[in-house]
Amino acid sequence: MVLKVFFPSCCSSAESGILIGRWISEQSSAVILAVVHFPFIPVQVKQYLSEVQRVTKVSVSVLGSWSNSKLEKEESLSEFLEDLGTIFSHEPWIQISKEGDSKFWSCSTLQKHSNNPKEEEIILVYYDQRKVMLSHLHPPLDTATSADHKADDASKLSAIFDTVAKSKILFMTDRYDDGPIKLTHWQSDGVEASIIVELMKQASVPACMLLTFLLSLISGICRSRVLKFWPLSFLWSKLSTCEQLGHRLQHLQVISSNKKAQTQTQLMRKANIFVSLLIDVALGILLMSWLYRKNRIGHLADTLIPVADHVAEELQDLLQWLMGAPAGLKMNRALDQVLGRFFLYHIHLWISYIHLMSPFIEMILWYVGLSACLGLTVALCILSDIIALLTFHIYCFYVYGARLYCLKIYGLSSLWRLFRGKKWNVLRQRVDSCSYDLDQLFIGTLLFTILLFLLPTTALYYLVFTLLRLLVVIVQGLIHLLVDLIDSLPLYSIILRLCRSYRLAAGVKFRVLEQQDGKPLRLLMQINPLSYGSVVQTYRLPTYSCYPKDSWTSLCKKLFLGELIYPWKHKGEKQD
């Protein structure tokens, strides 16, 4: 039988005493948590352990004795430590001794109440108590053939990690003063740091209460009936800036909540949201300082109007090209002239609108630049909305062309069913047989011929404006991808993986320290951190955006039939 003893490396230089910890009988393992030094009263030790066991729900007991003899002969001390096994009855009684500066330790077990004591092989495993207590063991993410074996190993490791983590109260009893029992563990010398942490916690309470009050006031205003009327509700649902502000407001409510995080996942989510907000605001302030330096706002306003005029002129040239003989194609002259003049009139209206707004552009950009203090994501969403407003005429052209093209496609498909003696049953949503008379067939033939010969002209306008619309959508999509990356990236977890990799544990590995006949095998337990990909996959934050679920086949089908494409929609929003 192999007995595994997990010994904290911080207790290697501790004075002689007794070992307290947890005995895991299923694994034949003993997890040492601390060393109690002399002098002590056994009754006080038992009362103290029962109190710790009541609070932590961990069966903590005295497992054995620890002897750190710097002299060559201390027979009286070793005999006294053996006699302690009669006071603290535990089977087996573990005896660990370190003699002088020797690198080999002696470890043995004593079973006084056993009739047939067996020779046990002992493995002494050193572990960093601080790292194990602060780390969180993650279950394996991959599903391989040896999933049951991995789950069994993970359960054994989690028992050790949980024992150290749940015994946190044991490490905090003597942070500020020395009690009746003197312990040695990883936090024995961390009194000053513990006091500073407690003071910071107490100082953050009023700030969190004030922030909670302000957020409740803002959320109450956002839920008021004034914002539910048609103009404001329409703007709130369509503008990505409003969606991002609402998303960040939910994040602030999560951070300032008085409810304590119950699990490690909830705690990491709060930390990730806090760091994401902090970095987002910091980047926004840097952007704002760059914009208001050297009058960049004025230069941007002076550049915006010429760019809009240039885009309008290019569209006019494009329409003039379409109204002629584009690429040598023979178009329907009348329909071509009607569509070209219709779109040219819209461009004329758009140029007039831009020149009407030109005196106020700089002032609008100056106030819009102040919103960058709310975060870089808010500034990017405002940029996306500005692009949508500046290209509104392109969107109108796309909708006009798509609706006209879609009308002709569905008209041709319906008339094609007429030639085959079929019709679409609206109630049953299927194609049924139908008999038509001669007049219906004659009128259907005329309409089919007209729509078929007008289709190339409509299709050309639809193709051109669809390409322009897709170009604008791609630019907005890249902006939204960047916003979603900032919103969903678990920055705190990534920083924690980079600086304190042991906090995110995927497993452990063992390194052989010393091995000699007649001496216990000494191993060093080291923590294997999670990979960066697993960190992002585990702690990725949810975002408000809903990515399109259409496949490439469905997207091409919609483009061919002339259905409107909404590649960037929000949750709960219904497509037309």
# chains A, B, ... in the order shown; residues from 1 in each chain; ligands from 1
$ select_by_dssp --residues "segment 465-535 of chain A" --states "strand (DSSP E)" --output "compact mmCIF listing (two decimals) with N, CA, C and O atoms, in the first residue's frame"
# COMPACT_ATOMS: atom_id res chain seq x y z
N LEU A 504 -4.96 29.84 -12.41
CA LEU A 504 -5.86 29.13 -13.33
C LEU A 504 -5.22 27.79 -13.65
O LEU A 504 -4.41 27.66 -14.57
N ALA A 505 -5.56 26.79 -12.86
CA ALA A 505 -4.88 25.50 -12.95
C ALA A 505 -5.67 24.54 -13.84
O ALA A 505 -6.90 24.43 -13.73
N ALA A 506 -4.96 23.88 -14.73
CA ALA A 506 -5.55 22.83 -15.55
C ALA A 506 -5.22 21.44 -15.01
O ALA A 506 -5.90 20.47 -15.34
N GLY A 507 -4.21 21.35 -14.18
CA GLY A 507 -3.78 20.08 -13.61
C GLY A 507 -2.46 20.29 -12.88
O GLY A 507 -2.06 21.42 -12.59
N VAL A 508 -1.80 19.19 -12.55
CA VAL A 508 -0.53 19.25 -11.85
C VAL A 508 0.47 18.33 -12.52
O VAL A 508 0.10 17.42 -13.28
N LYS A 509 1.72 18.58 -12.24
CA LYS A 509 2.80 17.69 -12.68
C LYS A 509 3.75 17.48 -11.50
O LYS A 509 3.86 18.35 -10.61
N PHE A 510 4.44 16.36 -11.49
CA PHE A 510 5.31 16.00 -10.38
C PHE A 510 6.74 15.87 -10.89
O PHE A 510 6.99 15.29 -11.94
N ARG A 511 7.65 16.43 -10.09
CA ARG A 511 9.07 16.37 -10.41
C ARG A 511 9.79 15.66 -9.27
O ARG A 511 9.58 15.99 -8.09
N VAL A 512 10.64 14.71 -9.61
CA VAL A 512 11.36 13.93 -8.62
C VAL A 512 12.50 14.78 -8.04
O VAL A 512 13.35 15.29 -8.78
N LEU A 513 12.48 14.93 -6.70
CA LEU A 513 13.55 15.68 -6.02
C LEU A 513 14.69 14.76 -5.60
O LEU A 513 15.84 14.94 -6.00
N GLU A 514 14.37 13.79 -4.78
CA GLU A 514 15.39 12.87 -4.28
C GLU A 514 14.79 11.47 -4.20
O GLU A 514 13.59 11.31 -3.91
N LEU A 521 10.30 8.53 -1.11
CA LEU A 521 10.43 9.23 -2.38
C LEU A 521 9.91 10.66 -2.22
O LEU A 521 8.79 10.88 -1.76
N ARG A 522 10.73 11.63 -2.61
CA ARG A 522 10.36 13.04 -2.48
C ARG A 522 10.01 13.61 -3.85
O ARG A 522 10.83 13.59 -4.77
N LEU A 523 8.79 14.12 -3.97
CA LEU A 523 8.30 14.71 -5.21
C LEU A 523 7.91 16.17 -4.96
O LEU A 523 7.56 16.56 -3.84
N LEU A 524 7.95 16.95 -6.01
CA LEU A 524 7.51 18.34 -5.97
C LEU A 524 6.32 18.49 -6.90
O LEU A 524 6.40 18.22 -8.10
N MET A 525 5.18 18.91 -6.32
CA MET A 525 3.96 19.09 -7.11
C MET A 525 3.93 20.51 -7.67
O MET A 525 3.97 21.49 -6.91
N GLN A 526 3.86 20.62 -8.98
CA GLN A 526 3.79 21.91 -9.66
C GLN A 526 2.49 22.01 -10.43
O GLN A 526 1.97 21.01 -10.92
N ILE A 527 1.96 23.22 -10.55
CA ILE A 527 0.66 23.45 -11.18
C ILE A 527 0.83 23.69 -12.67
O ILE A 527 1.67 24.51 -13.09
N ASN A 528 0.06 22.98 -13.46
CA ASN A 528 0.00 23.22 -14.90
C ASN A 528 -1.07 24.28 -15.19
O ASN A 528 -2.25 24.05 -14.89
N PRO A 529 -0.71 25.42 -15.75
CA PRO A 529 -1.73 26.46 -16.00
C PRO A 529 -2.57 26.14 -17.22
O PRO A 529 -2.18 25.35 -18.09
$ residues_around --residues "Val62 of chain A" --least-positions-apart "3" --cutoff "7 Å" --atoms "only C-alpha atoms" --output "list in words"
Ile18, Leu19, Ile20, Gly21 and Phe88 of chain A
$ write_last_selection --atoms "all heavy atoms" --output "CSV table (one decimal), in the first residue's frame"
chain,number,residue,atom,x,y,z
A,18,ILE,N,3.3,19.3,16.1
A,18,ILE,CA,2.3,18.3,15.6
A,18,ILE,C,1.8,18.8,14.2
A,18,ILE,O,1.7,20.0,14.0
A,18,ILE,CB,1.2,18.0,16.5
A,18,ILE,CG1,0.5,19.3,16.9
A,18,ILE,CG2,1.7,17.3,17.8
A,18,ILE,CD1,-0.7,19.1,17.8
A,19,LEU,N,1.4,17.8,13.4
A,19,LEU,CA,0.9,18.1,12.0
A,19,LEU,C,-0.6,18.1,12.1
A,19,LEU,O,-1.2,17.1,12.5
A,19,LEU,CB,1.5,17.1,11.0
A,19,LEU,CG,3.0,17.0,10.9
A,19,LEU,CD1,3.4,15.8,10.1
A,19,LEU,CD2,3.6,18.2,10.4
A,20,ILE,N,-1.2,19.1,11.6
A,20,ILE,CA,-2.7,19.1,11.4
A,20,ILE,C,-3.0,19.2,9.9
A,20,ILE,O,-2.3,19.8,9.1
A,20,ILE,CB,-3.3,20.3,12.2
A,20,ILE,CG1,-2.8,21.6,11.7
A,20,ILE,CG2,-3.1,20.2,13.7
A,20,ILE,CD1,-3.6,22.8,12.3
A,21,GLY,N,-4.1,18.5,9.6
A,21,GLY,CA,-4.5,18.4,8.2
A,21,GLY,C,-5.7,17.5,8.0
A,21,GLY,O,-6.4,17.3,9.0
A,88,PHE,N,-3.6,12.2,20.7
A,88,PHE,CA,-4.4,12.4,19.5
A,88,PHE,C,-4.4,11.1,18.7
A,88,PHE,O,-3.5,10.8,18.0
A,88,PHE,CB,-3.7,13.5,18.6
A,88,PHE,CG,-3.6,14.8,19.4
A,88,PHE,CD1,-2.3,15.1,19.9
A,88,PHE,CD2,-4.6,15.7,19.5
A,88,PHE,CE1,-2.2,16.3,20.6
A,88,PHE,CE2,-4.5,16.9,20.2
A,88,PHE,CZ,-3.2,17.2,20.7
$ residues_around --residues "Glu15 of chain A" --least-positions-apart "5" --cutoff "8 Å" --atoms "only C-alpha atoms" --output "list in words"
His37, Ser67 and Asn68 of chain A
$ write_last_selection --atoms "N, CA, C and O atoms" --output "compact mmCIF listing (two decimals), in the first residue's frame"
# COMPACT_ATOMS: atom_id res chain seq x y z
N HIS A 37 3.14 24.48 17.09
CA HIS A 37 4.39 24.46 17.84
C HIS A 37 4.16 24.29 19.33
O HIS A 37 3.07 24.48 19.85
N SER A 67 9.35 16.75 13.48
CA SER A 67 10.56 16.95 14.26
C SER A 67 11.61 17.61 13.38
O SER A 67 11.99 17.05 12.35
N ASN A 68 12.04 18.79 13.81
CA ASN A 68 13.10 19.52 13.12
C ASN A 68 14.25 19.70 14.10
O ASN A 68 14.41 20.73 14.75
$ closest_residue --among "A:Ile123, A:Ala379, A:Leu489, A:Ala165" --to "Gln264 of chain A" --atoms "only C-alpha atoms"
A:Ala165
$ residues_around --residues "Gly375 of chain A" --least-positions-apart "6" --cutoff "6 Å" --atoms "only C-alpha atoms" --output "list in words"
Asp280, Val281 and Gly284 of chain A
$ write_last_selection --atoms "N, CA, C and O atoms" --output "short mmCIF file (atom, residue, chain, number, x, y, z; two decimals), in the first residue's frame"
data_model
loop_
_atom_site.label_atom_id
_atom_site.label_comp_id
_atom_site.auth_asym_id
_atom_site.auth_seq_id
_atom_site.Cartn_x
_atom_site.Cartn_y
_atom_site.Cartn_z
N ASP A 280 -11.32 49.94 -21.24
CA ASP A 280 -12.14 50.61 -22.25
C ASP A 280 -12.19 52.13 -22.01
O ASP A 280 -12.01 52.93 -22.94
N VAL A 281 -12.41 52.52 -20.76
CA VAL A 281 -12.44 53.95 -20.42
C VAL A 281 -11.07 54.58 -20.61
O VAL A 281 -10.95 55.72 -21.10
N GLY A 284 -10.56 55.15 -24.21
CA GLY A 284 -11.41 56.24 -24.65
C GLY A 284 -10.86 57.60 -24.26
O GLY A 284 -10.92 58.56 -25.05
#
$ closest_residue --among "A:Ala261, A:Leu170, A:Ile285, A:Leu267" --to "Gln53 of chain A" --atoms "only C-alpha atoms"
A:Leu170
$ residues_around --residues "Met357 of chain A" --least-positions-apart "4" --cutoff "12 Å" --atoms "only C-alpha atoms" --output "MDAnalysis selection string"
chainID A and resid 301 304:305 308 350:353 361:365 390
$ write_last_selection --atoms "N, CA and C atoms" --output "PDB file, in the first residue's frame"
ATOM      1  N   ALA A 301     -13.445  67.960 -39.268  1.00  0.00           N
ATOM      2  CA  ALA A 301     -14.664  68.570 -39.813  1.00  0.00           C
ATOM      3  C   ALA A 301     -14.425  69.170 -41.193  1.00  0.00           C
ATOM      4  N   LEU A 304     -14.370  66.242 -43.661  1.00  0.00           N
ATOM      5  CA  LEU A 304     -15.569  65.423 -43.797  1.00  0.00           C
ATOM      6  C   LEU A 304     -16.463  65.890 -44.948  1.00  0.00           C
ATOM      7  N   ILE A 305     -16.676  67.196 -45.085  1.00  0.00           N
ATOM      8  CA  ILE A 305     -17.566  67.716 -46.128  1.00  0.00           C
ATOM      9  C   ILE A 305     -17.008  67.443 -47.528  1.00  0.00           C
ATOM     10  N   ALA A 308     -17.592  63.788 -48.323  1.00  0.00           N
ATOM     11  CA  ALA A 308     -18.994  63.497 -48.653  1.00  0.00           C
ATOM     12  C   ALA A 308     -19.342  63.993 -50.054  1.00  0.00           C
ATOM     13  N   TRP A 350     -29.398  64.729 -51.064  1.00  0.00           N
ATOM     14  CA  TRP A 350     -28.367  64.406 -50.073  1.00  0.00           C
ATOM     15  C   TRP A 350     -27.270  65.473 -50.039  1.00  0.00           C
ATOM     16  N   ILE A 351     -26.842  65.964 -51.189  1.00  0.00           N
ATOM     17  CA  ILE A 351     -25.819  67.019 -51.227  1.00  0.00           C
ATOM     18  C   ILE A 351     -26.360  68.293 -50.574  1.00  0.00           C
ATOM     19  N   SER A 352     -27.621  68.614 -50.828  1.00  0.00           N
ATOM     20  CA  SER A 352     -28.222  69.799 -50.201  1.00  0.00           C
ATOM     21  C   SER A 352     -28.267  69.641 -48.682  1.00  0.00           C
ATOM     22  N   TYR A 353     -28.569  68.437 -48.221  1.00  0.00           N
ATOM     23  CA  TYR A 353     -28.626  68.189 -46.775  1.00  0.00           C
ATOM     24  C   TYR A 353     -27.233  68.314 -46.145  1.00  0.00           C
ATOM     25  N   ILE A 361     -21.171  70.975 -38.377  1.00  0.00           N
ATOM     26  CA  ILE A 361     -20.424  69.716 -38.308  1.00  0.00           C
ATOM     27  C   ILE A 361     -19.351  69.768 -37.233  1.00  0.00           C
ATOM     28  N   GLU A 362     -18.575  70.836 -37.170  1.00  0.00           N
ATOM     29  CA  GLU A 362     -17.492  70.922 -36.198  1.00  0.00           C
ATOM     30  C   GLU A 362     -18.022  70.907 -34.775  1.00  0.00           C
ATOM     31  N   MET A 363     -19.131  71.626 -34.527  1.00  0.00           N
ATOM     32  CA  MET A 363     -19.704  71.640 -33.188  1.00  0.00           C
ATOM     33  C   MET A 363     -20.231  70.248 -32.806  1.00  0.00           C
ATOM     34  N   ILE A 364     -20.861  69.580 -33.778  1.00  0.00           N
ATOM     35  CA  ILE A 364     -21.371  68.235 -33.493  1.00  0.00           C
ATOM     36  C   ILE A 364     -20.222  67.278 -33.175  1.00  0.00           C
ATOM     37  N   LEU A 365     -19.143  67.337 -33.969  1.00  0.00           N
ATOM     38  CA  LEU A 365     -17.992  66.475 -33.704  1.00  0.00           C
ATOM     39  C   LEU A 365     -17.324  66.805 -32.382  1.00  0.00           C
ATOM     40  N   LEU A 390     -24.151  58.899 -42.768  1.00  0.00           N
ATOM     41  CA  LEU A 390     -23.528  59.482 -43.962  1.00  0.00           C
ATOM     42  C   LEU A 390     -23.777  58.648 -45.217  1.00  0.00           C
TER      43      LEU A 390
END
$ residues_around --residues "Phe7 of chain A" --least-positions-apart "2" --cutoff "6 Å" --atoms "only C-alpha atoms" --output "PyMOL selection string"
chain A and resi 32+125-126
$ write_last_selection --atoms "all heavy atoms" --output "PDB file, in the first residue's frame"
ATOM      1  N   ILE A  32      -1.228  17.776   4.697  1.00  0.00           N
ATOM      2  CA  ILE A  32      -0.775  18.566   5.834  1.00  0.00           C
ATOM      3  C   ILE A  32      -1.076  20.037   5.554  1.00  0.00           C
ATOM      4  O   ILE A  32      -0.743  20.568   4.489  1.00  0.00           O
ATOM      5  CB  ILE A  32       0.727  18.361   6.094  1.00  0.00           C
ATOM      6  CG1 ILE A  32       1.046  16.859   6.186  1.00  0.00           C
ATOM      7  CG2 ILE A  32       1.158  19.091   7.347  1.00  0.00           C
ATOM      8  CD1 ILE A  32       0.324  16.145   7.297  1.00  0.00           C
ATOM      9  N   VAL A 125       5.206  14.353  -0.885  1.00  0.00           N
ATOM     10  CA  VAL A 125       4.947  15.299  -1.974  1.00  0.00           C
ATOM     11  C   VAL A 125       4.937  16.709  -1.403  1.00  0.00           C
ATOM     12  O   VAL A 125       4.138  17.022  -0.513  1.00  0.00           O
ATOM     13  CB  VAL A 125       3.609  15.005  -2.686  1.00  0.00           C
ATOM     14  CG1 VAL A 125       3.391  15.979  -3.838  1.00  0.00           C
ATOM     15  CG2 VAL A 125       3.566  13.566  -3.171  1.00  0.00           C
ATOM     16  N   TYR A 126       5.848  17.553  -1.892  1.00  0.00           N
ATOM     17  CA  TYR A 126       5.875  18.955  -1.474  1.00  0.00           C
ATOM     18  C   TYR A 126       4.950  19.769  -2.386  1.00  0.00           C
ATOM     19  O   TYR A 126       4.906  19.548  -3.604  1.00  0.00           O
ATOM     20  CB  TYR A 126       7.298  19.525  -1.566  1.00  0.00           C
ATOM     21  CG  TYR A 126       8.282  18.876  -0.629  1.00  0.00           C
ATOM     22  CD1 TYR A 126       9.077  17.810  -1.050  1.00  0.00           C
ATOM     23  CD2 TYR A 126       8.408  19.314   0.678  1.00  0.00           C
ATOM     24  CE1 TYR A 126       9.972  17.199  -0.201  1.00  0.00           C
ATOM     25  CE2 TYR A 126       9.311  18.716   1.537  1.00  0.00           C
ATOM     26  CZ  TYR A 126      10.081  17.666   1.097  1.00  0.00           C
ATOM     27  OH  TYR A 126      10.971  17.073   1.947  1.00  0.00           O
TER      28      TYR A 126
END
$ residues_around --residues "segment 244-251 of chain A" --least-positions-apart "4" --cutoff "7 Å" --atoms "only C-alpha atoms" --output "ChimeraX atom specification"
/A:240,255,273,378,544
$ write_last_selection --atoms "N, CA, C and O atoms" --output "mmCIF file, in the first residue's frame"
data_model
loop_
_atom_site.group_PDB
_atom_site.id
_atom_site.type_symbol
_atom_site.label_atom_id
_atom_site.label_comp_id
_atom_site.auth_asym_id
_atom_site.auth_seq_id
_atom_site.Cartn_x
_atom_site.Cartn_y
_atom_site.Cartn_z
ATOM 1 N N SER A 240 -26.582 51.742 -32.530
ATOM 2 C CA SER A 240 -25.682 50.849 -31.794
ATOM 3 C C SER A 240 -25.080 51.535 -30.570
ATOM 4 O O SER A 240 -24.701 50.852 -29.607
ATOM 5 N N ILE A 255 -21.060 44.956 -11.348
ATOM 6 C CA ILE A 255 -19.882 45.259 -10.536
ATOM 7 C C ILE A 255 -20.281 45.831 -9.186
ATOM 8 O O ILE A 255 -19.735 45.461 -8.138
ATOM 9 N N ILE A 273 -15.248 41.912 -16.064
ATOM 10 C CA ILE A 273 -16.045 43.086 -16.439
ATOM 11 C C ILE A 273 -15.387 44.362 -15.938
ATOM 12 O O ILE A 273 -15.324 45.374 -16.657
ATOM 13 N N VAL A 378 -17.854 52.923 -26.901
ATOM 14 C CA VAL A 378 -18.915 53.902 -27.168
ATOM 15 C C VAL A 378 -18.513 54.789 -28.344
ATOM 16 O O VAL A 378 -19.329 55.096 -29.225
ATOM 17 N N TYR A 544 -23.854 41.911 -26.464
ATOM 18 C CA TYR A 544 -25.223 42.194 -26.881
ATOM 19 C C TYR A 544 -25.451 41.900 -28.348
ATOM 20 O O TYR A 544 -26.582 41.787 -28.799
#
